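To start, the structure itself, in structure tokens.
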Amino acid sequence: MMIIAEFFMVILKVLWAFVTAGAKWVVRPKEKSVAGQVCVITGAGSGLGRLFAKEFARRRAVLVLWDINSQSNEETAEMVREIYRELDSPMPKDGPVGGVEEVPPFQPQVYTYVCDVGKRESVYSTAEKVRREVGEVDMLINNAGVVSGHHLLECPDELIERTMVVNCHAHFWTTKAFLPKMLELNHGHIVTVASSLGLFSTAGVEDYCASKFGAIGFHESLSHELKASEKDGINMTLVCPYLVDTGMFKGCRIRKEIEPFLPPLKPEFCVTQSMRAILTDQHMICTPRIVYMVNFMKSILPFEAIVCMYRFLGADKCMYPFLAQRKEAMNNNEDKNGI
């Protein structure tokens, strides 16, 4: 009898979860404040990482920027400092006799570190520097990513390993570096910037898809571990955007008749949607929303039906123009080096 009663309680909780999730579509949850919180962003030197840094700066977070490229990382830091300067205006406060007294606001700072997240030792040593020089980390944005741009049989093993290490293994190392203190304080937020190609795949980017599938599997397993440990103060957000127009997959094309209805995402739009999810402690954000439907259909349809849909959309070979461009660029570089 006990298990039957518990089963009905589970059904009620599942139904209530649907109700609360639906309510959030109608009434937007209030965004939490991250002012003064220490936020580590990997791959901050360009692309989505740079935009995330600017968005967190506007919310007065203390930023710790990691990137393998020192120059581009410093460029992002300077953009962040400019945002801080724009926010740095005196705050009026009633004085003891009703006058107005200027009170300097909290001054957030930005720190830059050169770190190759593809090297475990670099991650751990840089994390130790951050703890020593900045303090304990409140938010971890695992954003760094690479793509080899080769068909499987043409891709050197070293590039396959690099893709797996940067896009997936690095999440293990950064999390192991910062999660212990989050667990101790029962406070923190870990964001996994993955991809729709970690939910459903396409031809020609086997290494990239595998790395993103791995990152999503890691994220989901860790989310369950935190729930099992009853650490409700630590939040997890999974970001799965469709193709983002950052130049990473330049040349990728779906069927031309479909493309106007499903164009590459503007990076700013992607980050704006992601920030809204992060600041409302949303567990997962797929952009655009059709990604949710595609992922669901992949789970219920026969494989041959999925192949038919891919061919209709032109998604089966959408990466081939990108791969051809990368191959041509490499051949041109080899020709130049040979002269």
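By order in the structure tokens, chains are A, B, ...; within a chain, residues start at 1; ligands start at 1, following the order shown.
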
Using only C-alpha atoms, find each residue in stretch 133-207 of chain A having at least one atom no more than 6 Å away from stretch 113-120 of chain A; report its shortest atom-to-atom pair and that distance in Å (one decimal), rows by chain then rising number, as CSV.
residue,atom,partner,partner_atom,distance
A:Val165,CA,A:Gly118,CA,5.3
A:Val166,CA,A:Gly118,CA,4.7
A:Ala170,CA,A:Val117,CA,5.5

For the selection just defined, write its residues with N, CA and C atoms to a file, as a CSV table (one decimal), in the first residue's frame.
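Writing the result to selection.csv gives the following:
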chain,number,residue,atom,x,y,z
A,165,VAL,N,38.8,17.0,-25.8
A,165,VAL,CA,39.3,17.6,-24.6
A,165,VAL,C,38.8,19.0,-24.3
A,166,VAL,N,38.8,19.9,-25.3
A,166,VAL,CA,38.3,21.2,-25.0
A,166,VAL,C,36.8,21.3,-24.8
A,170,ALA,N,37.3,19.3,-20.5
A,170,ALA,CA,37.6,20.5,-19.8
A,170,ALA,C,36.5,20.9,-18.8

Report as a Markdown table: every residue of stretch 189-288 of chain A with an atom at most 7 Å from stretch 318-334 of chain A, its closest pair of atoms, and their distance in Å to one decimal, counting only C-alpha atoms, with rows sorted by chain and ascending residue number.
| residue | atom | partner | partner_atom | distance |
| --- | --- | --- | --- | --- |
| A:Ala203 | CA | A:Met319 | CA | 7.0 |
| A:Gly204 | CA | A:Met319 | CA | 6.3 |
| A:Phe249 | CA | A:Phe322 | CA | 6.1 |
| A:Lys250 | CA | A:Phe322 | CA | 5.8 |
| A:Gly251 | CA | A:Phe322 | CA | 4.4 |
| A:Cys252 | CA | A:Phe322 | CA | 4.9 |
| A:Arg253 | CA | A:Cys318 | CA | 4.9 |
| A:Ile254 | CA | A:Cys318 | CA | 5.1 |

Any chance you can output those residues with C-alpha atoms as a PDB file, in the first residue's frame?
ATOM      1  CA  ALA A 203      27.017  14.339 -41.002  1.00  0.00           C
ATOM      2  CA  GLY A 204      30.620  15.459 -41.225  1.00  0.00           C
ATOM      3  CA  PHE A 249      30.702  27.093 -38.891  1.00  0.00           C
ATOM      4  CA  LYS A 250      31.051  29.591 -41.713  1.00  0.00           C
ATOM      5  CA  GLY A 251      29.557  28.195 -44.915  1.00  0.00           C
ATOM      6  CA  CYS A 252      27.101  25.816 -43.250  1.00  0.00           C
ATOM      7  CA  ARG A 253      23.863  25.860 -45.276  1.00  0.00           C
ATOM      8  CA  ILE A 254      20.508  24.128 -45.098  1.00  0.00           C
TER       9      ILE A 254
END

Distance in Å - atom CA of A:Leu183 versus atom CA of A:Tyr111: 24.0 Å

Contacts of stretch 19-64 of chain A with stretch 278-297 of chain A up to 9 Å, shortest pair per row, only C-alpha atoms, as CSV:
residue,atom,partner,partner_atom,distance
A:Arg28,CA,A:Thr280,CA,8.7
A:Pro29,CA,A:Thr280,CA,6.1
A:Lys30,CA,A:Thr280,CA,6.4
A:Glu31,CA,A:Leu279,CA,4.9
A:Lys32,CA,A:Leu279,CA,5.3
A:Ser33,CA,A:Leu279,CA,7.5
A:Val34,CA,A:Leu279,CA,8.1

Would you put the residues from that selection into a file with C-alpha atoms, as a PDB file, in the first residue's frame?
ATOM      1  CA  ARG A  28       8.262  35.659 -16.292  1.00  0.00           C
ATOM      2  CA  PRO A  29      10.268  34.834 -13.127  1.00  0.00           C
ATOM      3  CA  LYS A  30      12.254  37.619 -11.509  1.00  0.00           C
ATOM      4  CA  GLU A  31      15.935  37.673 -12.450  1.00  0.00           C
ATOM      5  CA  LYS A  32      18.382  37.185  -9.605  1.00  0.00           C
ATOM      6  CA  SER A  33      21.180  39.640  -8.866  1.00  0.00           C
ATOM      7  CA  VAL A  34      24.775  38.653  -9.602  1.00  0.00           C
TER       8      VAL A  34
END

Could you please write out, as a PyMOL selection string, every residue of stretch 97-305 of chain A that DSSP assigns to strand (DSSP E or B)? chain A and resi 100-103+110-114+139-142+188-193+234-241+244+265+284-287

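Ranking A:Val62, A:Leu301, A:Ala17, A:Ile11 by their shortest atom-to-atom distance to A:Val130, with only C-alpha atoms included, puts A:Val62 first.
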
Just list as a ChimeraX atom specification whatever in stretch 110-304 of chain A DSSP marks as helix (DSSP H, G or I). /A:120-133,152-154,157-185,196-198,206-228,259-261,267-279,290-300,303-304

Report the distance between atom CA of A:Leu87 and atom CA of A:Thr112 in Å, rounded to one decimal place. 20.3 Å

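For the choices A:Gly49, A:Ser196, A:Gly149, A:Lys231, the atom-to-atom distance to A:Pro180 is smallest for A:Lys231 when using only C-alpha atoms.
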
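Shell of stretch 303-313 of chain A at 8 Å, with only C-alpha atoms counted and residues fewer than 3 places along the chain excluded, is Ile254, Arg255, Ile258, Lys298 and Asp316 of chain A.
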
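Atom pair atom CA of A:Leu51 / atom CA of A:Ser221 has a distance of 27.6 Å (rounded to one decimal).
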
Among listed residues A:Ile3, A:Ala215, A:Cys240, A:Ala61, nearest A:Gly36 (using only C-alpha atoms): A:Ala61
